[in-house]
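The next block is start16.cif, given as mmCIF, C-alpha atoms.
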data_coords
loop_
_atom_site.label_atom_id
_atom_site.label_comp_id
_atom_site.auth_asym_id
_atom_site.auth_seq_id
_atom_site.Cartn_x
_atom_site.Cartn_y
_atom_site.Cartn_z
CA MET A 1 0.00 0.00 0.00
CA PRO A 2 1.49 3.39 -0.97
CA ASN A 3 2.87 5.56 1.81
CA PRO A 4 1.84 9.21 1.12
CA ALA A 5 4.66 10.65 3.24
CA LEU A 6 7.27 8.52 1.50
CA GLU A 7 5.85 9.29 -1.95
CA ALA A 8 6.03 13.00 -1.13
CA ALA A 9 9.67 12.56 -0.08
CA TYR A 10 10.44 10.76 -3.35
CA ALA A 11 8.81 13.61 -5.26
CA ALA A 12 11.41 15.96 -3.78
CA ILE A 13 14.32 13.94 -5.27
CA PRO A 14 15.03 14.85 -8.95
CA GLU A 15 16.62 11.48 -9.76
CA LEU A 16 13.58 9.58 -8.52
CA VAL A 17 11.18 11.92 -10.32
CA GLU A 18 13.08 11.37 -13.57
CA HIS A 19 13.07 7.59 -13.04
CA HIS A 20 9.28 7.51 -12.64
CA GLU A 21 8.75 9.77 -15.65
CA ARG A 22 10.93 7.51 -17.81
CA LYS A 23 9.12 4.44 -16.50
CA LYS A 24 5.77 5.99 -17.39
CA ARG A 25 6.89 6.85 -20.94
CA ILE A 26 8.36 3.38 -21.47
CA GLY A 27 5.12 1.79 -20.27
CA GLU A 28 3.08 3.87 -22.69
CA LEU A 29 5.41 2.95 -25.56
CA HIS A 30 5.37 -0.72 -24.60
CA HIS A 31 1.59 -0.79 -24.92
CA ALA A 32 1.58 1.24 -28.13
CA VAL A 33 4.13 -0.78 -30.14
CA PRO A 34 2.47 -3.91 -31.57
CA THR A 35 4.00 -7.34 -31.24
CA ALA A 36 6.01 -8.54 -34.24
CA ASP A 37 7.27 -11.91 -35.41
CA ALA A 38 10.95 -12.52 -35.88
CA PRO A 39 11.92 -12.06 -39.58
CA GLU A 40 12.49 -15.78 -40.14
CA ILE A 41 9.06 -16.62 -38.73
CA ALA A 42 7.34 -13.92 -40.82
CA ALA A 43 8.93 -15.27 -44.02
CA GLN A 44 8.19 -18.86 -43.07
CA LYS A 45 4.48 -18.04 -42.66
CA ILE A 46 4.31 -16.82 -46.28
CA VAL A 47 6.05 -19.95 -47.50
CA ASN A 48 3.76 -22.22 -45.48
CA GLU A 49 0.68 -20.49 -46.90
CA ALA A 50 2.01 -20.97 -50.46
CA LEU A 51 2.63 -24.68 -49.81
CA GLU A 52 -0.89 -25.11 -48.46
CA GLU A 53 -2.26 -23.46 -51.59
CA TYR A 54 -0.17 -25.76 -53.81
CA LEU A 55 -1.38 -28.86 -52.00
CA ARG A 56 -4.98 -27.64 -52.28
CA THR A 57 -4.88 -26.48 -55.95
CA GLY A 58 -1.78 -28.03 -57.44
CA VAL A 59 -0.49 -24.57 -58.38
CA MET A 60 2.44 -22.90 -56.58
CA PRO A 61 2.00 -19.11 -56.35
CA ALA A 62 4.55 -17.45 -58.60
CA ASP A 63 5.29 -14.57 -56.22
CA VAL A 64 5.90 -16.65 -53.09
CA GLU A 65 9.60 -15.80 -52.89
CA LYS A 66 8.99 -12.06 -53.32
CA ARG A 67 6.26 -12.04 -50.70
CA ALA A 68 8.41 -14.01 -48.27
CA THR A 69 11.29 -11.57 -48.81
CA ASP A 70 9.01 -8.58 -48.27
CA ALA A 71 7.62 -10.11 -45.07
CA TYR A 72 11.14 -10.76 -43.80
CA THR A 73 12.24 -7.19 -44.53
CA ALA A 74 9.17 -5.62 -42.97
CA SER A 75 9.54 -7.71 -39.85
CA VAL A 76 13.17 -6.76 -39.24
CA GLY A 77 12.41 -3.21 -38.12
CA ALA A 78 9.18 -4.02 -36.26
CA HIS A 79 10.74 -6.92 -34.40
CA ALA A 80 13.84 -4.90 -33.49
CA LEU A 81 11.68 -2.05 -32.13
CA ARG A 82 9.48 -4.37 -30.11
CA SER A 83 12.50 -6.19 -28.65
CA ALA A 84 14.19 -2.94 -27.67
CA VAL A 85 11.05 -1.57 -26.06
CA GLY A 86 10.49 -4.85 -24.23
CA SER A 87 14.02 -4.76 -22.79
CA LEU A 88 13.55 -1.16 -21.67
CA TYR A 89 10.25 -2.03 -20.04
CA ALA A 90 11.70 -5.04 -18.21
CA GLY A 91 14.55 -2.90 -16.88
CA SER A 92 12.23 -0.08 -15.82
CA ILE A 93 10.07 -2.33 -13.64
CA HIS A 94 13.01 -4.15 -12.06
CA THR A 95 12.87 -3.39 -8.34
CA GLN A 96 16.65 -3.50 -7.94
CA THR A 97 16.99 -0.48 -10.23
CA LEU A 98 14.58 1.57 -8.14
CA ASP A 99 15.98 0.35 -4.82
CA GLY A 100 19.47 1.31 -5.94
CA LEU A 101 18.32 4.84 -6.74
CA ARG A 102 16.54 5.13 -3.41
CA GLU A 103 19.55 3.87 -1.49
CA ALA A 104 21.83 6.34 -3.30
CA ASN A 105 19.45 9.17 -2.38
CA ALA A 106 18.62 7.95 1.14
CA PRO A 107 20.09 11.04 2.89
CA GLU A 108 17.89 13.33 0.80
CA ILE A 109 14.81 11.15 1.36
CA LEU A 110 15.36 11.15 5.13
CA ALA A 111 15.88 14.92 5.09
CA ALA A 112 12.58 15.34 3.23
CA LEU A 113 10.82 13.16 5.82
CA GLY A 114 12.42 15.25 8.56
CA ALA A 115 11.00 18.40 6.98
CA GLN A 116 7.56 16.79 6.91
CA LEU A 117 7.89 15.87 10.59
CA ALA A 118 8.84 19.43 11.51
CA ALA A 119 5.84 20.80 9.62
CA LEU A 120 3.53 18.26 11.24
CA LEU A 121 4.66 19.12 14.77
CA LYS A 122 4.40 22.83 14.03
CA GLU A 123 0.77 22.26 13.11
CA ALA A 124 0.22 20.09 16.20
CA ARG A 125 1.51 22.84 18.51
CA LYS A 126 -1.34 25.07 17.37
CA HIS A 127 -3.79 22.75 19.14
CA THR A 128 -2.00 21.36 22.18
CA GLY A 129 -2.88 24.35 24.36
CA ALA A 130 -6.60 24.10 23.72
CA LEU A 131 -6.52 20.33 24.13
CA GLY A 132 -5.55 20.55 27.77
CA SER A 133 -5.66 17.13 29.44
CA VAL A 134 -8.05 15.60 26.89
CA ARG A 135 -6.63 12.43 25.33
CA THR A 136 -9.65 10.26 24.39
CA ALA A 137 -12.82 10.67 22.38
CA ASP A 138 -14.95 10.36 25.50
CA GLU A 139 -12.97 13.09 27.22
CA ALA A 140 -13.30 15.30 24.12
CA LEU A 141 -17.08 14.83 24.09
CA THR A 142 -17.29 15.62 27.79
CA GLU A 143 -15.08 18.70 27.52
CA GLY A 144 -16.56 19.96 24.23
CA GLY A 145 -15.75 23.38 22.75
CA LYS A 146 -12.14 24.22 21.84
CA ALA A 147 -10.82 21.05 23.46
CA ALA A 148 -13.01 18.87 21.23
CA GLU A 149 -11.92 20.82 18.15
CA ALA A 150 -8.26 20.44 19.13
CA TYR A 151 -8.76 16.71 19.67
CA THR A 152 -10.28 16.33 16.20
CA ALA A 153 -7.45 18.32 14.57
CA LEU A 154 -4.71 16.33 16.32
CA ARG A 155 -6.36 12.99 15.56
CA ALA A 156 -6.27 13.94 11.89
CA LEU A 157 -2.47 14.33 12.08
CA LEU A 158 -1.80 10.85 13.47
CA PRO A 159 -1.87 8.97 10.13
CA THR A 160 0.76 11.33 8.75
CA LEU A 161 3.00 10.79 11.78
CA ARG A 162 2.72 7.04 11.31
CA ASP A 163 3.48 7.35 7.59
CA ILE A 164 6.57 9.47 8.29
CA ARG A 165 7.93 6.96 10.80
CA SER A 166 7.13 4.02 8.53
CA GLY A 167 8.87 5.77 5.63
CA GLN A 168 11.83 6.53 7.88
CA TRP A 169 12.42 2.87 8.70
CA ASP A 170 11.76 1.75 5.12
CA THR A 171 14.50 4.12 3.97
CA LEU A 172 16.94 3.21 6.73
CA ARG A 173 16.49 -0.45 5.76
CA LEU A 174 17.94 0.10 2.27
CA GLY A 175 21.30 -1.64 1.94
CA GLN A 176 21.01 -3.21 5.41
CA LEU A 177 20.74 -6.80 6.58
CA THR A 178 17.30 -7.14 8.11
CA GLY A 179 17.21 -10.36 10.11
CA PRO A 180 15.92 -10.47 13.70
CA ASP A 181 19.48 -10.13 15.04
CA SER A 182 20.58 -7.46 12.56
CA LEU A 183 21.84 -4.00 13.47
CA TYR A 184 18.86 -2.57 11.60
CA GLN A 185 16.37 -4.46 13.75
CA ARG A 186 18.25 -3.51 16.89
CA ALA A 187 18.05 0.15 15.91
CA LYS A 188 14.36 -0.07 15.02
CA ASP A 189 13.48 -1.72 18.34
CA SER A 190 15.77 0.50 20.42
CA GLY A 191 13.44 3.47 20.93
CA PHE A 192 16.24 5.90 20.05
CA GLY A 193 15.16 6.67 16.47
CA ASP A 194 12.38 9.18 17.22
CA VAL A 195 13.73 11.88 19.53
CA GLN A 196 17.17 13.14 20.40
CA GLY A 197 18.44 13.13 23.96
CA VAL A 198 16.53 10.17 25.40
CA ASN A 199 17.40 10.07 29.11
CA ASP A 200 16.19 8.88 32.50
CA ASP A 201 13.47 11.53 32.50
CA THR A 202 11.87 10.22 29.28
CA PRO A 203 8.41 8.86 30.25
CA ARG A 204 8.34 5.11 30.12
CA GLY A 205 5.11 5.03 28.12
CA GLN A 206 6.53 7.34 25.47
CA PHE A 207 9.73 5.31 25.22
CA THR A 208 7.70 2.11 24.77
CA ALA A 209 5.66 3.80 22.02
CA MET A 210 8.88 4.60 20.17
CA GLN A 211 10.19 1.07 20.61
CA ASN A 212 7.00 -0.46 19.21
CA GLN A 213 6.20 2.31 16.68
CA ARG A 214 2.68 2.62 18.14
CA TYR A 215 1.85 6.29 17.96
CA THR A 216 -1.13 7.69 19.83
CA LEU A 217 -2.55 11.17 20.26
CA ASP A 218 -0.83 11.40 23.64
CA HIS A 219 2.50 10.59 21.98
CA LEU A 220 1.93 13.22 19.28
CA VAL A 221 1.23 15.85 21.93
CA TRP A 222 4.39 14.84 23.81
CA LEU A 223 6.48 15.08 20.63
CA ALA A 224 5.10 18.53 19.88
CA GLN A 225 5.92 19.71 23.39
CA ILE A 226 9.48 18.38 23.85
CA GLY A 227 10.83 19.87 20.62
CA THR A 228 13.53 17.22 20.03
CA ALA A 229 11.76 14.88 17.60
CA TYR A 230 13.87 14.04 14.56
CA VAL A 231 14.42 11.69 11.65
CA PRO A 232 17.83 10.00 12.03
CA GLU A 233 20.32 10.02 9.18
CA SER A 234 21.45 6.40 9.55
CA VAL A 235 21.13 3.18 11.52
CA GLU A 236 24.56 3.93 12.98
CA ASP A 237 23.32 7.24 14.41
CA VAL A 238 20.48 5.47 16.22
CA LEU A 239 22.78 2.82 17.68
CA ALA A 240 25.31 5.44 18.75
CA ALA A 241 22.58 7.26 20.68
CA GLN A 242 21.54 4.02 22.34
CA ASP A 243 25.12 3.10 23.26
CA ALA A 244 25.76 6.58 24.68
CA TYR A 245 22.71 6.26 26.92
CA GLU A 246 23.45 2.73 28.09
CA THR A 247 27.07 3.54 28.99
CA ARG A 248 26.34 6.90 30.64
CA HIS A 249 27.22 5.66 34.14
CA SER A 250 30.11 3.39 33.23
CA VAL A 251 33.58 4.03 34.70
CA THR A 252 36.83 2.38 33.82
CA ASP A 253 37.81 -0.56 36.07
CA ALA A 254 41.40 -0.67 34.88
CA PRO A 255 44.11 0.12 37.52
CA PRO A 256 46.33 3.15 37.00
CA VAL A 257 49.20 2.60 34.63
CA ILE A 258 52.57 2.37 36.42
CA ASP A 259 55.67 3.27 34.48
CA LEU A 260 57.99 0.29 34.85
CA SER A 261 60.57 1.39 32.34
CA PRO A 262 64.16 1.41 33.70
CA LYS A 263 65.40 4.70 35.11
CA VAL A 264 68.75 6.06 33.89
CA VAL A 265 70.81 7.47 36.79
CA PRO A 266 73.97 9.39 35.78
CA ASN A 267 77.28 8.32 37.40
CA PRO A 268 78.80 10.78 39.92
CA PRO A 269 81.95 12.64 38.76
CA ALA A 270 85.30 10.95 39.48
CA PRO A 271 87.21 12.49 42.46
CA THR A 272 90.19 14.72 41.69
CA PRO A 273 93.45 12.85 42.62
CA LYS A 274 95.43 14.40 45.49
CA PRO A 275 99.24 14.91 45.26
CA ARG A 276 101.33 12.25 46.96
CA PRO A 277 104.03 13.61 49.37
CA VAL A 278 107.73 12.85 48.69
CA HIS A 279 109.46 11.09 51.60
CA GLY A 280 111.94 13.25 53.47
CA ARG A 281 110.93 16.62 52.07
CA LYS A 282 108.01 18.85 51.54
CA PRO A 283 106.36 18.63 48.17
CA ALA A 284 107.87 20.98 45.64
CA PRO A 285 105.63 23.27 43.67
CA ALA A 286 105.98 20.97 40.69
CA ASP A 287 104.55 18.13 42.71
CA ILE A 288 101.34 20.03 43.44
CA VAL A 289 98.40 19.45 41.10
CA LEU A 290 96.16 22.44 40.87
CA ASN A 291 92.51 21.87 40.44
CA ILE A 292 91.17 24.86 38.59
CA ASN A 293 87.88 23.44 37.66
#
Can you present the structure in this file as structure tokens?
Amino acid sequence: MPNPALEAAYAAIPELVEHHERKKRIGELHHAVPTADAPEIAAQKIVNEALEEYLRTGVMPADVEKRATDAYTASVGAHALRSAVGSLYAGSIHTQTLDGLREANAPEILAALGAQLAALLKEARKHTGALGSVRTADEALTEGGKAAEAYTALRALLPTLRDIRSGQWDTLRLGQLTGPDSLYQRAKDSGFGDVQGVNDDTPRGQFTAMQNQRYTLDHLVWLAQIGTAYVPESVEDVLAAQDAYETRHSVTDAPPVIDLSPKVVPNPPAPTPKPRPVHGRKPAPADIVLNIN
């Protein structure tokens, strides 16, 4: 079933618009160009008809060769055109071609969805004040007046919010492994792909809604009020936000690093030798070593 929010995002991407226009033209041409036999088959049909006539009448048509040649020649162009158009058509409807274009333009698609989300929440903020504490249809009927009008207006925005979030995950899935243990599935189930700055003060009910992608009027009002709703740019961004939250209180358990490298201690200077006295006399001036250092 088409997703209006996602289709609107595609319409903002020139490459995707051009792809769909080409696909439409090729489809029209494919239906307009008639089928055509291969040249050999077209010629063989003429020959077979001539042989049937000979067997029926005993007379071989004199122009059978010319008519077979003309049929062959006429079929060459028609068959070539039909084959070329058929190949174009087959390529245009191949899902891998379109998925490749969407994956290449995923950042632009997600940005377009983000712009839609911002516009949606801007519209929602116009009604949250009048809504007050009303969250259900019964409460709206009981309250009446501006509250009931605000309830009706906000309820009308819910399908668009769901389409934006669905389109977000469809786009983030492109190029990803999608098994139950994949990084994509972990990100989708994490609850960190809807608002920035999830913390201990995030209401449990709102966090569960983001994990399960079950969006209610109460959730829409909360999104409009907190002002941090976003469309993530990648699966990696979502997982990084989750990891940052889950490791917010962690401290390193490793002991301090002790430098055990050998220390180099310089040797003390050698003592200056003292003069040795000469037995029987006082040392002469020549025997005295002067230390002038």
Quiz prompt | Resolved residues for the PyMOL selection byres ((chain A and resi 202-219) around 9) as an MDAnalysis selection string | solution = chainID A and resid 134:136 151 154:155 157:158 161:162 165:166 188:195 197:201 220:224
Next, the residues of the selection above should be written as a PDB file, keeping the file's coordinate frame with C-alpha atoms.
ATOM      1  CA  VAL A 134      -8.050  15.600  26.890  1.00  0.00           C
ATOM      2  CA  ARG A 135      -6.630  12.430  25.330  1.00  0.00           C
ATOM      3  CA  THR A 136      -9.650  10.260  24.390  1.00  0.00           C
ATOM      4  CA  TYR A 151      -8.760  16.710  19.670  1.00  0.00           C
ATOM      5  CA  LEU A 154      -4.710  16.330  16.320  1.00  0.00           C
ATOM      6  CA  ARG A 155      -6.360  12.990  15.560  1.00  0.00           C
ATOM      7  CA  LEU A 157      -2.470  14.330  12.080  1.00  0.00           C
ATOM      8  CA  LEU A 158      -1.800  10.850  13.470  1.00  0.00           C
ATOM      9  CA  LEU A 161       3.000  10.790  11.780  1.00  0.00           C
ATOM     10  CA  ARG A 162       2.720   7.040  11.310  1.00  0.00           C
ATOM     11  CA  ARG A 165       7.930   6.960  10.800  1.00  0.00           C
ATOM     12  CA  SER A 166       7.130   4.020   8.530  1.00  0.00           C
ATOM     13  CA  LYS A 188      14.360  -0.070  15.020  1.00  0.00           C
ATOM     14  CA  ASP A 189      13.480  -1.720  18.340  1.00  0.00           C
ATOM     15  CA  SER A 190      15.770   0.500  20.420  1.00  0.00           C
ATOM     16  CA  GLY A 191      13.440   3.470  20.930  1.00  0.00           C
ATOM     17  CA  PHE A 192      16.240   5.900  20.050  1.00  0.00           C
ATOM     18  CA  GLY A 193      15.160   6.670  16.470  1.00  0.00           C
ATOM     19  CA  ASP A 194      12.380   9.180  17.220  1.00  0.00           C
ATOM     20  CA  VAL A 195      13.730  11.880  19.530  1.00  0.00           C
ATOM     21  CA  GLY A 197      18.440  13.130  23.960  1.00  0.00           C
ATOM     22  CA  VAL A 198      16.530  10.170  25.400  1.00  0.00           C
ATOM     23  CA  ASN A 199      17.400  10.070  29.110  1.00  0.00           C
ATOM     24  CA  ASP A 200      16.190   8.880  32.500  1.00  0.00           C
ATOM     25  CA  ASP A 201      13.470  11.530  32.500  1.00  0.00           C
ATOM     26  CA  LEU A 220       1.930  13.220  19.280  1.00  0.00           C
ATOM     27  CA  VAL A 221       1.230  15.850  21.930  1.00  0.00           C
ATOM     28  CA  TRP A 222       4.390  14.840  23.810  1.00  0.00           C
ATOM     29  CA  LEU A 223       6.480  15.080  20.630  1.00  0.00           C
ATOM     30  CA  ALA A 224       5.100  18.530  19.880  1.00  0.00           C
TER      31      ALA A 224
END
Exercise. Write out as a PyMOL selection string each polymer residue whose atoms come within 12 Å of A:Ala84, counting all atoms listed in the file; drop sequence neighbours fewer than 5 positions from it.
Key: chain A and resi 26+29-30+33+35-36+77-79+89-91
Quiz item: Near stretch 44-49 of chain A, counting all atoms listed in the file, which residues have an atom at most 8 Å away, once you skip same-chain residues fewer than 6 positions from it, shown as a PyMOL selection string?
Solution: chain A and resi 64-65+67-68+71
Quiz prompt | Exercise: A:Ala119 partners within 12 Å, all atoms listed in the file, chain neighbours under 4 positions left out, as a count of residues only | solution = 15
Exercise. Using all atoms listed in the file, give me every residue within 8 Å of (17.3, 11.4, -3.8) in file coordinates, as JSON, numbers by chain.
Key: {"A": [10, 12, 13, 14, 15, 16, 101, 102, 104, 105, 106, 107, 108, 109]}
Self-check item: Atom-to-atom span, atom CA of A:Thr73 and atom CA of A:Ala50, Å
Solution: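 Going from atom CA of A:Thr73 over to atom CA of A:Ala50, I get 18.2 Å.
Taking all atoms listed in the file into account, A:Arg25 lies nearest to A:Leu88 out of the set A:Leu88, A:Lys122, A:Thr142, A:Asp181.
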Quiz item: What's the 10 Å shell around A:Trp169, counting all atoms listed in the file, without same-chain residues fewer than 2 positions away, as an MDAnalysis selection string?
Solution: chainID A and resid 110 164:167 171:174 184:185 187:188 193 231:232 234:235
Pull stretch 126-137 of chain A out of the block and emit all heavy atoms, as a PDB file, in the first residue's frame.
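Generated file (selection26.pdb):
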ATOM      1  N   LYS A 126      -0.246  24.095  17.401  1.00  0.00           N
ATOM      2  CA  LYS A 126      -1.337  25.070  17.365  1.00  0.00           C
ATOM      3  C   LYS A 126      -2.533  24.607  18.203  1.00  0.00           C
ATOM      4  O   LYS A 126      -3.386  25.417  18.567  1.00  0.00           O
ATOM      5  CB  LYS A 126      -1.795  25.297  15.924  1.00  0.00           C
ATOM      6  CG  LYS A 126      -0.730  25.890  15.007  1.00  0.00           C
ATOM      7  CD  LYS A 126      -1.262  26.008  13.583  1.00  0.00           C
ATOM      8  CE  LYS A 126      -0.212  26.546  12.630  1.00  0.00           C
ATOM      9  NZ  LYS A 126      -0.734  26.626  11.226  1.00  0.00           N
ATOM     10  N   HIS A 127      -2.598  23.303  18.500  1.00  0.00           N
ATOM     11  CA  HIS A 127      -3.793  22.751  19.142  1.00  0.00           C
ATOM     12  C   HIS A 127      -3.529  22.175  20.529  1.00  0.00           C
ATOM     13  O   HIS A 127      -4.488  21.859  21.233  1.00  0.00           O
ATOM     14  CB  HIS A 127      -4.387  21.652  18.254  1.00  0.00           C
ATOM     15  CG  HIS A 127      -4.618  22.082  16.840  1.00  0.00           C
ATOM     16  ND1 HIS A 127      -5.651  22.921  16.481  1.00  0.00           N
ATOM     17  CD2 HIS A 127      -3.938  21.789  15.692  1.00  0.00           C
ATOM     18  CE1 HIS A 127      -5.600  23.126  15.161  1.00  0.00           C
ATOM     19  NE2 HIS A 127      -4.578  22.447  14.669  1.00  0.00           N
ATOM     20  N   THR A 128      -2.271  22.016  20.907  1.00  0.00           N
ATOM     21  CA  THR A 128      -1.997  21.357  22.183  1.00  0.00           C
ATOM     22  C   THR A 128      -2.482  22.185  23.378  1.00  0.00           C
ATOM     23  O   THR A 128      -2.900  21.623  24.398  1.00  0.00           O
ATOM     24  CB  THR A 128      -0.491  21.072  22.330  1.00  0.00           C
ATOM     25  OG1 THR A 128       0.247  22.293  22.138  1.00  0.00           O
ATOM     26  CG2 THR A 128      -0.033  20.039  21.312  1.00  0.00           C
ATOM     27  N   GLY A 129      -2.421  23.514  23.256  1.00  0.00           N
ATOM     28  CA  GLY A 129      -2.879  24.349  24.363  1.00  0.00           C
ATOM     29  C   GLY A 129      -4.364  24.189  24.626  1.00  0.00           C
ATOM     30  O   GLY A 129      -4.802  24.013  25.776  1.00  0.00           O
ATOM     31  N   ALA A 130      -5.148  24.234  23.564  1.00  0.00           N
ATOM     32  CA  ALA A 130      -6.600  24.100  23.716  1.00  0.00           C
ATOM     33  C   ALA A 130      -7.004  22.690  24.128  1.00  0.00           C
ATOM     34  O   ALA A 130      -8.042  22.492  24.762  1.00  0.00           O
ATOM     35  CB  ALA A 130      -7.293  24.473  22.406  1.00  0.00           C
ATOM     36  N   LEU A 131      -6.176  21.711  23.801  1.00  0.00           N
ATOM     37  CA  LEU A 131      -6.516  20.327  24.126  1.00  0.00           C
ATOM     38  C   LEU A 131      -6.531  20.091  25.633  1.00  0.00           C
ATOM     39  O   LEU A 131      -7.370  19.343  26.140  1.00  0.00           O
ATOM     40  CB  LEU A 131      -5.507  19.376  23.470  1.00  0.00           C
ATOM     41  CG  LEU A 131      -5.770  17.888  23.667  1.00  0.00           C
ATOM     42  CD1 LEU A 131      -6.987  17.452  22.859  1.00  0.00           C
ATOM     43  CD2 LEU A 131      -4.539  17.075  23.265  1.00  0.00           C
ATOM     44  N   GLY A 132      -5.612  20.758  26.334  1.00  0.00           N
ATOM     45  CA  GLY A 132      -5.547  20.548  27.775  1.00  0.00           C
ATOM     46  C   GLY A 132      -5.190  19.120  28.117  1.00  0.00           C
ATOM     47  O   GLY A 132      -4.269  18.541  27.540  1.00  0.00           O
ATOM     48  N   SER A 133      -5.930  18.505  29.006  1.00  0.00           N
ATOM     49  CA  SER A 133      -5.659  17.128  29.440  1.00  0.00           C
ATOM     50  C   SER A 133      -6.465  16.095  28.672  1.00  0.00           C
ATOM     51  O   SER A 133      -6.395  14.899  28.975  1.00  0.00           O
ATOM     52  CB  SER A 133      -5.962  16.993  30.935  1.00  0.00           C
ATOM     53  OG  SER A 133      -7.341  17.285  31.187  1.00  0.00           O
ATOM     54  N   VAL A 134      -7.222  16.528  27.677  1.00  0.00           N
ATOM     55  CA  VAL A 134      -8.045  15.605  26.892  1.00  0.00           C
ATOM     56  C   VAL A 134      -7.145  14.688  26.062  1.00  0.00           C
ATOM     57  O   VAL A 134      -6.250  15.154  25.372  1.00  0.00           O
ATOM     58  CB  VAL A 134      -9.003  16.387  25.970  1.00  0.00           C
ATOM     59  CG1 VAL A 134      -9.699  15.440  24.992  1.00  0.00           C
ATOM     60  CG2 VAL A 134     -10.036  17.136  26.805  1.00  0.00           C
ATOM     61  N   ARG A 135      -7.421  13.377  26.125  1.00  0.00           N
ATOM     62  CA  ARG A 135      -6.632  12.431  25.334  1.00  0.00           C
ATOM     63  C   ARG A 135      -7.505  11.386  24.634  1.00  0.00           C
ATOM     64  O   ARG A 135      -7.011  10.649  23.779  1.00  0.00           O
ATOM     65  CB  ARG A 135      -5.620  11.707  26.233  1.00  0.00           C
ATOM     66  CG  ARG A 135      -4.504  12.603  26.786  1.00  0.00           C
ATOM     67  CD  ARG A 135      -3.618  13.142  25.684  1.00  0.00           C
ATOM     68  NE  ARG A 135      -2.522  13.931  26.204  1.00  0.00           N
ATOM     69  CZ  ARG A 135      -2.586  15.234  26.450  1.00  0.00           C
ATOM     70  NH1 ARG A 135      -3.740  15.903  26.247  1.00  0.00           N
ATOM     71  NH2 ARG A 135      -1.541  15.889  26.889  1.00  0.00           N
ATOM     72  N   THR A 136      -8.771  11.270  24.990  1.00  0.00           N
ATOM     73  CA  THR A 136      -9.645  10.263  24.394  1.00  0.00           C
ATOM     74  C   THR A 136     -10.888  10.922  23.813  1.00  0.00           C
ATOM     75  O   THR A 136     -11.204  12.077  24.120  1.00  0.00           O
ATOM     76  CB  THR A 136     -10.075   9.218  25.437  1.00  0.00           C
ATOM     77  OG1 THR A 136     -10.922   9.854  26.413  1.00  0.00           O
ATOM     78  CG2 THR A 136      -8.860   8.593  26.126  1.00  0.00           C
ATOM     79  N   ALA A 137     -11.591  10.156  22.980  1.00  0.00           N
ATOM     80  CA  ALA A 137     -12.816  10.668  22.377  1.00  0.00           C
ATOM     81  C   ALA A 137     -13.869  10.978  23.433  1.00  0.00           C
ATOM     82  O   ALA A 137     -14.580  11.987  23.339  1.00  0.00           O
ATOM     83  CB  ALA A 137     -13.350   9.645  21.364  1.00  0.00           C
TER      84      ALA A 137
END
